[in-house]
$ cat query_29.cif   # mmCIF, C-alpha atoms
data_upload
#
loop_
_atom_site.label_atom_id
_atom_site.label_comp_id
_atom_site.auth_asym_id
_atom_site.auth_seq_id
_atom_site.Cartn_x
_atom_site.Cartn_y
_atom_site.Cartn_z
CA MET O 20 0.00 0.00 0.00
CA MET O 21 1.41 3.35 -1.04
CA PHE O 22 0.78 6.60 0.76
CA TYR O 23 1.12 10.01 -0.77
CA LYS O 24 3.86 12.32 0.33
CA ILE O 25 3.47 15.91 -0.74
CA ALA O 26 6.42 18.09 -1.65
CA VAL O 27 6.31 21.84 -1.86
CA CYS O 28 8.39 24.37 -3.69
CA ILE O 29 7.66 27.96 -2.71
CA THR O 30 8.65 30.37 -5.44
CA PHE O 31 8.86 34.12 -5.30
CA LEU O 32 10.18 34.60 -8.82
CA TYR O 33 8.19 32.51 -11.24
CA LEU O 34 7.58 33.40 -14.84
CA VAL O 35 3.98 34.04 -15.74
CA GLY O 36 4.85 32.43 -19.05
CA CYS O 37 4.12 29.02 -17.50
CA ASN O 38 0.45 29.82 -18.04
CA THR O 39 0.41 28.86 -21.69
CA THR O 40 -1.64 30.65 -24.30
CA LYS O 41 -2.94 28.31 -26.94
CA VAL O 42 -2.31 29.57 -30.46
CA HIS O 43 -5.15 28.99 -32.90
CA GLN O 44 -4.15 28.48 -36.51
CA VAL O 45 -5.84 30.61 -39.10
CA GLU O 46 -6.52 27.60 -41.30
CA GLN O 47 -9.82 25.94 -40.45
CA GLN O 48 -9.22 22.48 -39.02
CA ILE O 49 -11.64 19.59 -38.93
CA GLU O 50 -12.69 19.05 -35.34
CA LEU O 51 -12.81 15.65 -33.65
CA GLU O 52 -16.57 15.75 -33.03
CA GLN O 53 -17.17 15.95 -36.78
CA LEU O 54 -15.23 12.72 -37.29
CA LEU O 55 -17.06 10.53 -34.80
CA ASN O 56 -19.62 8.02 -36.06
CA HIS O 57 -22.34 9.16 -33.69
CA SER O 58 -24.79 6.53 -34.99
CA LEU O 59 -22.75 3.79 -33.32
CA PHE O 60 -23.11 5.09 -29.78
CA ASN O 61 -25.63 6.41 -27.29
CA LYS O 62 -24.83 9.63 -25.46
CA LEU O 63 -25.09 9.15 -21.71
CA ASP O 64 -24.91 11.53 -18.77
CA THR O 65 -21.43 12.37 -17.50
CA PRO O 66 -20.29 14.16 -14.32
CA SER O 67 -20.75 17.92 -14.60
CA GLU O 68 -17.75 20.23 -14.36
CA TYR O 69 -19.18 21.66 -11.13
CA SER O 70 -19.53 18.20 -9.55
CA ILE O 71 -15.86 17.42 -10.20
CA PHE O 72 -14.68 20.18 -7.86
CA GLU O 73 -17.60 20.43 -5.42
CA LEU O 74 -16.54 20.03 -1.78
CA PRO O 75 -18.95 18.61 0.80
CA ASN O 76 -20.32 21.43 2.97
CA ALA O 77 -18.70 20.08 6.14
CA GLU O 78 -15.32 19.83 4.43
CA LYS O 79 -15.58 23.32 2.97
CA GLU O 80 -16.44 24.79 6.38
CA LYS O 81 -13.56 22.90 7.97
CA PHE O 82 -11.09 24.14 5.36
CA LEU O 83 -12.23 27.77 5.55
CA ALA O 84 -11.99 27.74 9.36
CA TYR O 85 -8.45 26.35 9.06
CA ALA O 86 -7.58 28.98 6.48
CA GLU O 87 -8.85 31.77 8.72
CA LYS O 88 -6.58 30.69 11.56
CA GLN O 89 -3.62 30.47 9.20
CA LYS O 90 -4.31 33.96 7.88
CA GLN O 91 -4.18 35.31 11.40
CA SER O 92 -0.60 34.01 11.58
CA GLU O 93 0.12 35.92 8.36
CA ILE O 94 0.68 32.75 6.36
CA ARG O 95 0.38 33.38 2.66
CA HIS O 96 -2.81 32.01 1.11
CA ASP O 97 -1.17 29.63 -1.35
CA ARG O 98 0.94 28.17 1.45
CA ILE O 99 -2.23 27.59 3.49
CA ILE O 100 -3.43 25.08 0.90
CA TYR O 101 -0.15 23.15 1.07
CA ASN O 102 -0.26 23.13 4.89
CA TYR O 103 -3.82 21.84 4.84
CA LEU O 104 -3.05 19.07 2.37
CA GLU O 105 0.01 18.02 4.34
CA SER O 106 -1.87 17.86 7.65
CA ASN O 107 -5.09 16.28 6.40
CA LEU O 108 -3.97 13.86 3.69
CA ALA O 109 -1.11 12.09 5.46
CA ASN O 110 -2.85 8.72 5.06
CA PHE O 111 -4.20 9.34 1.58
CA LYS O 112 -3.62 6.14 -0.41
CA TYR O 113 -2.56 5.92 -4.03
CA HIS O 114 -5.23 4.32 -6.21
CA GLY O 115 -5.47 4.35 -9.98
CA ASP O 116 -9.03 5.65 -10.14
CA THR O 117 -9.69 9.22 -11.23
CA LEU O 118 -12.09 10.66 -8.64
CA THR O 119 -13.97 13.86 -7.94
CA SER O 120 -12.98 15.91 -4.90
CA ALA O 121 -15.89 14.52 -2.89
CA GLN O 122 -15.09 10.92 -3.86
CA ALA O 123 -11.39 11.31 -3.08
CA LEU O 124 -12.17 12.71 0.37
CA LYS O 125 -14.74 10.01 1.14
CA LEU O 126 -12.45 7.14 0.09
CA SER O 127 -9.18 8.82 1.14
CA GLN O 128 -7.62 7.60 -2.09
CA GLY O 129 -7.13 8.44 -5.73
CA ASN O 130 -4.50 9.15 -8.34
CA CYS O 131 -2.59 12.36 -9.04
CA ILE O 132 -5.38 13.80 -11.18
CA SER O 133 -7.71 13.24 -8.22
CA LEU O 134 -5.36 15.19 -5.97
CA ALA O 135 -4.93 17.95 -8.53
CA VAL O 136 -8.72 18.20 -8.69
CA LEU O 137 -8.92 18.35 -4.90
CA THR O 138 -6.23 21.03 -4.72
CA GLN O 139 -8.14 23.03 -7.34
CA SER O 140 -11.25 22.83 -5.14
CA TYR O 141 -9.39 24.35 -2.19
CA ALA O 142 -7.87 27.04 -4.44
CA GLN O 143 -11.32 27.95 -5.70
CA ALA O 144 -12.59 28.19 -2.12
CA LEU O 145 -9.93 30.83 -1.43
CA GLY O 146 -10.30 32.51 -4.81
CA LEU O 147 -6.72 31.66 -5.85
CA GLU O 148 -5.42 31.14 -9.37
CA THR O 149 -3.66 27.95 -10.39
CA SER O 150 -1.68 26.43 -13.22
CA PHE O 151 -0.37 22.94 -13.71
CA GLN O 152 2.66 21.04 -14.91
CA GLU O 153 2.26 17.69 -16.61
CA VAL O 154 5.07 15.38 -15.60
CA THR O 155 5.98 11.75 -16.08
CA SER O 156 7.28 9.71 -13.18
CA GLN O 157 8.47 6.18 -12.55
CA PRO O 158 7.01 3.74 -13.15
CA VAL O 159 6.33 5.43 -16.49
CA TYR O 160 5.33 2.33 -18.47
CA ALA O 161 2.87 -0.45 -17.75
CA LYS O 162 1.21 -3.06 -19.92
CA GLU O 163 -2.20 -4.62 -19.44
CA ASN O 164 -4.24 -6.69 -21.90
CA ASN O 165 -1.77 -5.87 -24.70
CA VAL O 166 -2.24 -2.14 -24.14
CA VAL O 167 0.77 -0.03 -23.22
CA TYR O 168 0.05 2.78 -20.79
CA VAL O 169 2.32 5.79 -20.44
CA ALA O 170 1.78 7.26 -17.02
CA SER O 171 1.79 10.98 -16.37
CA HIS O 172 0.48 13.17 -13.62
CA PHE O 173 -0.10 16.79 -12.77
CA ARG O 174 1.68 19.01 -10.31
CA THR O 175 -0.27 22.04 -9.16
CA ARG O 176 1.04 25.57 -8.83
CA VAL O 177 -1.15 27.68 -6.56
CA TYR O 178 -0.45 31.38 -7.03
CA ALA O 179 -0.34 33.86 -4.19
CA PRO O 180 -2.94 36.63 -4.30
CA LYS O 181 -1.98 39.50 -6.56
CA VAL O 182 -0.47 42.46 -4.77
CA ASP O 183 -2.33 45.71 -5.36
CA LYS O 184 -0.22 48.21 -7.20
CA LYS O 185 -0.69 51.95 -7.17
CA ASN O 186 0.82 52.19 -10.65
CA ASP O 187 -1.34 50.20 -13.04
CA ASN O 188 1.27 50.62 -15.78
CA ILE O 189 3.65 48.21 -14.02
CA VAL O 190 3.71 44.85 -15.80
CA GLU O 191 4.04 41.83 -13.50
CA PHE O 192 6.49 39.38 -15.03
CA PHE O 193 6.82 37.18 -11.95
CA ARG O 194 4.25 35.54 -9.72
CA ALA O 195 4.79 34.21 -6.24
CA GLY O 196 3.32 30.78 -5.68
CA THR O 197 3.62 27.29 -4.28
CA LEU O 198 4.30 24.24 -6.45
CA ILE O 199 2.73 21.09 -4.98
CA ASP O 200 4.06 17.74 -6.18
CA TYR O 201 2.12 14.69 -5.05
CA PHE O 202 4.95 12.25 -5.82
CA PRO O 203 8.21 13.81 -4.63
CA THR O 204 9.74 10.43 -3.84
CA ARG O 205 9.57 9.36 -7.47
CA ARG O 206 11.92 10.64 -10.12
CA SER O 207 9.75 13.07 -12.07
CA PHE O 208 10.35 14.61 -15.48
CA TYR O 209 8.72 17.87 -16.55
CA SER O 210 6.65 17.25 -19.67
CA SER O 211 4.64 20.38 -20.42
CA SER O 212 2.68 23.20 -18.86
CA ALA O 213 -1.06 22.84 -18.49
CA ASP O 214 -4.06 24.85 -17.43
CA TYR O 215 -7.48 24.36 -15.90
CA ASN O 216 -9.02 23.16 -19.18
CA ASP O 217 -6.29 20.54 -19.50
CA LEU O 218 -7.07 19.27 -16.00
CA VAL O 219 -10.80 18.97 -16.66
CA SER O 220 -10.16 17.27 -20.00
CA LYS O 221 -7.71 14.85 -18.38
CA PHE O 222 -10.35 13.96 -15.77
CA TYR O 223 -12.89 13.03 -18.47
CA SER O 224 -10.39 11.31 -20.78
CA ASN O 225 -9.07 9.17 -17.90
CA LEU O 226 -12.62 8.01 -17.21
CA ALA O 227 -13.08 7.37 -20.94
CA ALA O 228 -9.96 5.17 -21.00
CA THR O 229 -11.30 3.20 -18.03
CA ALA O 230 -14.65 2.77 -19.76
CA LEU O 231 -12.88 1.52 -22.89
CA ALA O 232 -10.94 -1.02 -20.85
CA ASP O 233 -14.26 -2.21 -19.39
CA LYS O 234 -15.81 -2.38 -22.91
CA GLN O 235 -18.36 0.30 -21.99
CA LEU O 236 -18.27 2.02 -25.36
CA ASP O 237 -21.25 4.35 -24.87
CA ILE O 238 -19.74 5.72 -21.67
CA ALA O 239 -16.35 6.14 -23.33
CA TYR O 240 -17.97 7.96 -26.26
CA SER O 241 -19.85 10.32 -23.95
CA LEU O 242 -16.74 11.11 -21.91
CA ILE O 243 -14.65 11.75 -25.05
CA LEU O 244 -17.25 14.29 -26.17
CA GLN O 245 -17.09 15.96 -22.78
CA ALA O 246 -13.28 16.09 -22.73
CA ASN O 247 -13.23 17.46 -26.25
CA LYS O 248 -15.11 20.59 -25.09
CA TYR O 249 -12.07 21.58 -23.05
CA THR O 250 -9.17 20.47 -25.30
CA PRO O 251 -10.48 20.11 -28.86
CA ASN O 252 -7.00 19.73 -30.36
CA ASP O 253 -5.59 17.14 -27.96
CA PRO O 254 -3.92 14.33 -29.95
CA GLU O 255 -4.61 11.86 -27.14
CA LEU O 256 -8.34 12.45 -27.57
CA PHE O 257 -8.01 11.68 -31.29
CA ASN O 258 -6.07 8.58 -30.26
CA ILE O 259 -8.67 7.31 -27.82
CA ALA O 260 -11.49 8.12 -30.27
CA GLY O 261 -9.70 6.03 -32.88
CA ILE O 262 -9.44 3.12 -30.45
CA LEU O 263 -13.15 3.52 -29.62
CA HIS O 264 -14.17 3.17 -33.28
CA ARG O 265 -11.77 0.30 -33.87
CA ARG O 266 -13.30 -1.60 -30.97
CA ALA O 267 -16.79 -0.78 -32.24
CA GLY O 268 -15.82 -2.36 -35.57
CA ASP O 269 -15.78 0.86 -37.62
CA LEU O 270 -12.23 0.68 -38.94
CA GLN O 271 -12.73 3.30 -41.65
CA SER O 272 -13.88 5.95 -39.18
CA ALA O 273 -10.94 5.05 -36.96
CA LYS O 274 -8.59 5.52 -39.92
CA ASN O 275 -10.19 8.87 -40.77
CA ILE O 276 -9.74 10.07 -37.18
CA TYR O 277 -6.06 9.11 -37.09
CA GLN O 278 -5.33 10.52 -40.54
CA THR O 279 -7.05 13.81 -39.73
CA ALA O 280 -5.01 14.13 -36.54
CA LEU O 281 -1.80 13.67 -38.53
CA SER O 282 -2.96 16.15 -41.18
CA ASN O 283 -3.72 18.68 -38.45
CA ASN O 284 -0.30 17.97 -36.89
CA GLU O 285 -2.02 16.74 -33.73
CA ILE O 286 0.53 13.98 -33.20
CA SER O 287 1.61 11.79 -30.31
CA ILE O 288 3.62 8.58 -30.26
CA ASN O 289 0.59 6.73 -28.88
CA LEU O 290 -1.53 7.94 -31.79
CA ILE O 291 1.00 6.84 -34.42
CA ARG O 292 1.40 3.43 -32.80
CA ASN O 293 -2.34 2.81 -32.65
CA TYR O 294 -2.75 4.04 -36.23
CA GLN O 295 -0.04 1.58 -37.24
CA LEU O 296 -1.92 -1.23 -35.45
CA LEU O 297 -5.06 -0.28 -37.36
CA ALA O 298 -3.15 -0.17 -40.66
CA LYS O 299 -1.93 -3.73 -40.04
CA LYS O 300 -5.49 -4.83 -39.35
CA LEU O 301 -6.60 -3.20 -42.61
CA GLY O 302 -3.76 -4.90 -44.47
CA ASP O 303 -2.43 -1.55 -45.69
CA LYS O 304 1.28 -2.34 -45.98
CA GLU O 305 2.20 1.03 -47.48
CA LEU O 306 0.57 2.87 -44.59
CA VAL O 307 2.30 0.60 -42.08
CA LYS O 308 5.63 1.42 -43.75
CA GLU O 309 4.88 5.15 -43.77
CA LEU O 310 3.93 5.17 -40.09
CA SER O 311 6.99 3.09 -39.22
CA SER O 312 9.18 5.76 -40.79
CA GLN O 313 7.51 8.41 -38.62
CA LEU O 314 8.44 6.42 -35.53
CA VAL O 315 12.09 5.98 -36.51
CA ASN O 316 13.21 9.21 -34.88
CA LYS O 317 10.80 8.90 -31.96
CA GLU O 318 11.99 7.60 -28.61
CA LYS O 319 11.10 3.94 -28.30
CA ASP O 320 9.34 2.78 -25.16
CA PRO O 321 10.59 -0.36 -23.36
CA TYR O 322 7.83 -2.58 -24.72
CA GLU O 323 8.69 -1.60 -28.27
CA LEU O 324 12.34 -2.38 -27.53
CA LEU O 325 11.22 -5.72 -26.08
CA VAL O 326 9.48 -6.66 -29.35
CA ILE O 327 12.57 -5.64 -31.34
CA ALA O 328 14.76 -7.73 -29.04
CA LYS O 329 12.51 -10.78 -29.44
CA ASN O 330 12.72 -10.42 -33.21
CA ASP O 331 16.52 -10.08 -32.94
CA LEU O 332 16.71 -13.27 -30.90
CA GLN O 333 14.52 -15.23 -33.34
CA ALA O 334 16.75 -14.05 -36.18
CA GLY O 335 19.81 -15.27 -34.30
CA HIS O 336 21.14 -11.80 -33.47
CA ALA O 337 21.70 -12.32 -29.75
CA HIS O 338 24.13 -9.43 -29.41
CA GLN O 339 21.61 -6.95 -30.84
CA ALA O 340 18.87 -8.41 -28.66
CA LYS O 341 21.04 -7.94 -25.59
CA ALA O 342 21.70 -4.28 -26.50
CA HIS O 343 18.00 -3.53 -27.00
CA LEU O 344 17.01 -5.23 -23.74
CA GLU O 345 19.66 -3.39 -21.78
CA GLN O 346 18.42 -0.13 -23.29
CA ALA O 347 14.85 -1.02 -22.25
CA ILE O 348 15.95 -1.89 -18.71
CA THR O 349 17.64 1.50 -18.44
CA LYS O 350 14.29 3.13 -19.30
CA ALA O 351 12.14 0.84 -17.15
CA PRO O 352 14.09 -1.21 -14.60
CA TYR O 353 10.83 -2.34 -12.95
CA ILE O 354 9.48 -4.49 -15.84
CA ALA O 355 10.01 -8.17 -15.03
CA GLU O 356 9.64 -9.43 -18.61
CA LEU O 357 12.73 -7.51 -19.72
CA TYR O 358 14.88 -9.50 -17.29
CA LEU O 359 13.29 -12.75 -18.44
CA GLU O 360 14.11 -12.05 -22.09
CA LEU O 361 17.62 -10.94 -21.22
CA ALA O 362 18.02 -14.19 -19.26
CA LYS O 363 17.14 -16.09 -22.47
CA VAL O 364 19.80 -14.16 -24.37
CA ARG O 365 22.46 -14.75 -21.74
CA TYR O 366 21.55 -18.45 -21.61
CA GLN O 367 22.05 -18.72 -25.38
CA GLN O 368 25.40 -16.96 -24.92
CA GLY O 369 26.40 -19.56 -22.33
CA ASN O 370 26.41 -17.25 -19.31
CA ILE O 371 24.51 -19.46 -16.84
CA LYS O 372 25.38 -17.46 -13.73
CA GLN O 373 23.98 -14.22 -15.12
CA THR O 374 20.95 -16.10 -16.48
CA GLN O 375 20.17 -17.21 -12.93
CA THR O 376 20.65 -13.68 -11.55
CA LEU O 377 18.31 -12.24 -14.20
CA LEU O 378 15.63 -14.85 -13.49
CA GLU O 379 15.81 -14.05 -9.78
CA LYS O 380 15.33 -10.36 -10.63
CA ALA O 381 12.33 -11.18 -12.83
CA ILE O 382 10.76 -13.16 -9.98
CA GLU O 383 11.38 -10.28 -7.58
CA LEU O 384 9.59 -7.77 -9.83
CA GLU O 385 6.77 -9.88 -11.28
CA ARG O 386 3.27 -9.32 -9.83
CA ASP O 387 1.46 -12.08 -11.75
CA ASN O 388 1.58 -15.27 -9.67
CA GLN O 389 1.24 -17.52 -12.73
CA LYS O 390 4.24 -15.87 -14.38
CA ILE O 391 6.21 -16.15 -11.15
CA ASP O 392 5.58 -19.92 -11.20
CA VAL O 393 6.94 -20.09 -14.77
CA TYR O 394 10.04 -18.06 -13.86
CA GLN O 395 10.68 -20.19 -10.78
CA ALA O 396 10.39 -23.36 -12.87
CA LYS O 397 12.98 -22.00 -15.31
CA LEU O 398 15.26 -21.06 -12.40
CA LEU O 399 14.85 -24.51 -10.80
CA SER O 400 15.68 -26.14 -14.13
CA LEU O 401 18.90 -24.13 -14.29
CA GLN O 402 19.87 -25.08 -10.74
CA MET O 403 19.21 -28.78 -11.41
CA ASP O 404 21.43 -28.67 -14.53
CA LYS O 405 24.42 -27.58 -12.46
#

$ encode --input "query_29.cif" --output "structure tokens"
Amino acid sequence: MMFYKIAVCITFLYLVGCNTTKVHQVEQQIELEQLLNHSLFNKLDTPSEYSIFELPNAEKEKFLAYAEKQKQSEIRHDRIIYNYLESNLANFKYHGDTLTSAQALKLSQGNCISLAVLTQSYAQALGLETSFQEVTSQPVYAKENNVVYVASHFRTRVYAPKVDKKNDNIVEFFRAGTLIDYFPTRRSFYSSSADYNDLVSKFYSNLAATALADKQLDIAYSLILQANKYTPNDPELFNIAGILHRRAGDLQSAKNIYQTALSNNEISINLIRNYQLLAKKLGDKELVKELSSQLVNKEKDPYELLVIAKNDLQAGHAHQAKAHLEQAITKAPYIAELYLELAKVRYQQGNIKQTQTLLEKAIELERDNQKIDVYQAKLLSLQMDK
């Protein structure tokens, strides 16, 4: 069981430029909603924007009373929110679900988007402005049911109240504020700046991804529509909409969604990979080749490197397989399967001692009991051959 630890970075000189302004191209682009095959799905009710951030009355009163006491000690308003989170969420448990503020408080659990939502609720209660940073953190990669997930989360920057200025002609280039990171113990990498609309969209798109995993296509469709209201040019929404149509059996609409995203330059690695998967299903070899070329200069994730290594090994190129697996382990040292495959390579190369060490590492990291049994059997076989 993992508990959240909250880190804080108080800044007095922070560029306002971190609040990004989205540039709209003059050329008219085809929007995602126009590309969806609406006849395939039923639109269902989704949580309202207000309900996402609504605090229970008792909790709101408790927070405001706490804030009033802190103000009397001349503690800056943005710092009050950090202090409150630190003192009240010490036992908050990490859970993969994306929850509203009320749900997160009731269950005392949630993911980083849930905590960013909750922090936003407290900021709204004090009338404070916020911005966000999207970051990736270890473990970055996970695989479930042949779907690769790239994990990211939000850090919240709560800005201090603006200081009244007698001279309105003075331009404020810096804003004081507090950066709240919900995973300071993990190695985090800054990915991009984000704003309130990005947070709301991420909330809905996370729920849409969960609905897709549960084969609840109507719910996923409804949540994609909702997310699209906030970030209409998000390549990940095009990506998930393409997956939705592929799973509904409408491969041509899925292709149109992916191709439009590429034409609009709304591109992500996930989108290209899923488009490539669709192209293979359609038997379009030229498209597969074209998409492969687009991925050449993109950073490969560890699962992609794993596939390459397996192909290397089947082709008898053990040295290349070893290099690709070691590169993957550098990116994701927590994936058990990488150590298993590297053990196969080292076994072929006659290094029995390292094969045993790698199998032991795979057993240590593996969470699937059935796979652990397989790894242990391989390890036992090695030990009996000695």

$ residues_near_point --input "query_29.cif" --point "(-14.0, 21.9, -0.9)" --cutoff "7 Å" --atoms "all atoms listed in the file" --output "list in words"
Glu73, Leu74, Pro75, Glu78, Lys79, Ser140, Tyr141 and Ala144 of chain O

$ closest_residue --input "query_29.cif" --among "O:Asn258, O:Asp303, O:Leu263, O:Glu360" --to "Ala342 of chain O" --atoms "all atoms listed in the file"
O:Glu360

$ atom_distance --input "query_29.cif" --atom1 "atom CA of Ile132 of chain O" --atom2 "atom CA of Arg292 of chain O"
24.9 Å

$ resolve_selection --input "query_29.cif" --expression "the PyMOL selection byres ((chain O and resi 333-339) around 10)" --output "PyMOL selection string"
chain O and resi 327-332+340-345+361+363-365+367-368

$ resolve_selection --input "query_29.cif" --expression "the PyMOL selection byres ((chain O and resi 401) around 12)" --output "PyMOL selection string"
chain O and resi 362-363+366+369-379+394-400+402-405

$ resolve_selection --input "query_29.cif" --expression "the PyMOL selection byres ((chain O and resi 269) around 12)" --output "PyMOL selection string"
chain O and resi 54-60+260-268+270-276+297+300-301

$ closest_residue --input "query_29.cif" --among "O:Pro251, O:Pro180, O:Gly302, O:Gly115" --to "Glu50 of chain O" --atoms "all atoms listed in the file"
O:Pro251

$ residues_near_point --input "query_29.cif" --point "(1.5, -1.8, -36.0)" --cutoff "12 Å" --atoms "all atoms listed in the file" --output "PyMOL selection string"
chain O and resi 289-312+314+323+326

$ closest_atom_pairs --input "query_29.cif" --of "segment 72-120 of chain O" --to "segment 211-232 of chain O" --cutoff "9 Å" --atoms "all atoms listed in the file" --output "JSON lines"
{"residue": "O:Asp116", "atom": "CA", "partner": "O:Leu226", "partner_atom": "CA", "distance": 8.3}
{"residue": "O:Thr117", "atom": "CA", "partner": "O:Phe222", "partner_atom": "CA", "distance": 6.6}
{"residue": "O:Leu118", "atom": "CA", "partner": "O:Phe222", "partner_atom": "CA", "distance": 8.0}
{"residue": "O:Thr119", "atom": "CA", "partner": "O:Phe222", "partner_atom": "CA", "distance": 8.6}

$ atom_distance --input "query_29.cif" --atom1 "atom CA of Ile259 of chain O" --atom2 "atom CA of Leu324 of chain O"
23.1 Å

$ closest_residue --input "query_29.cif" --among "O:Asn247, O:Thr149, O:Ser67, O:Asn252" --to "Ala195 of chain O" --atoms "only C-alpha atoms"
O:Thr149

$ atom_distance --input "query_29.cif" --atom1 "atom CA of Arg95 of chain O" --atom2 "atom CA of Thr138 of chain O"
15.8 Å

$ closest_residue --input "query_29.cif" --among "O:Leu325, O:Leu281, O:Leu256, O:Ala123" --to "Gln313 of chain O" --atoms "all atoms listed in the file"
O:Leu281

$ residues_around --input "query_29.cif" --residues "segment 96-100 of chain O" --least-positions-apart "6" --cutoff "12 Å" --atoms "only C-alpha atoms" --output "ChimeraX atom specification"
/O:25-31,82-90,106-108,135,137-149,175-181,194-199
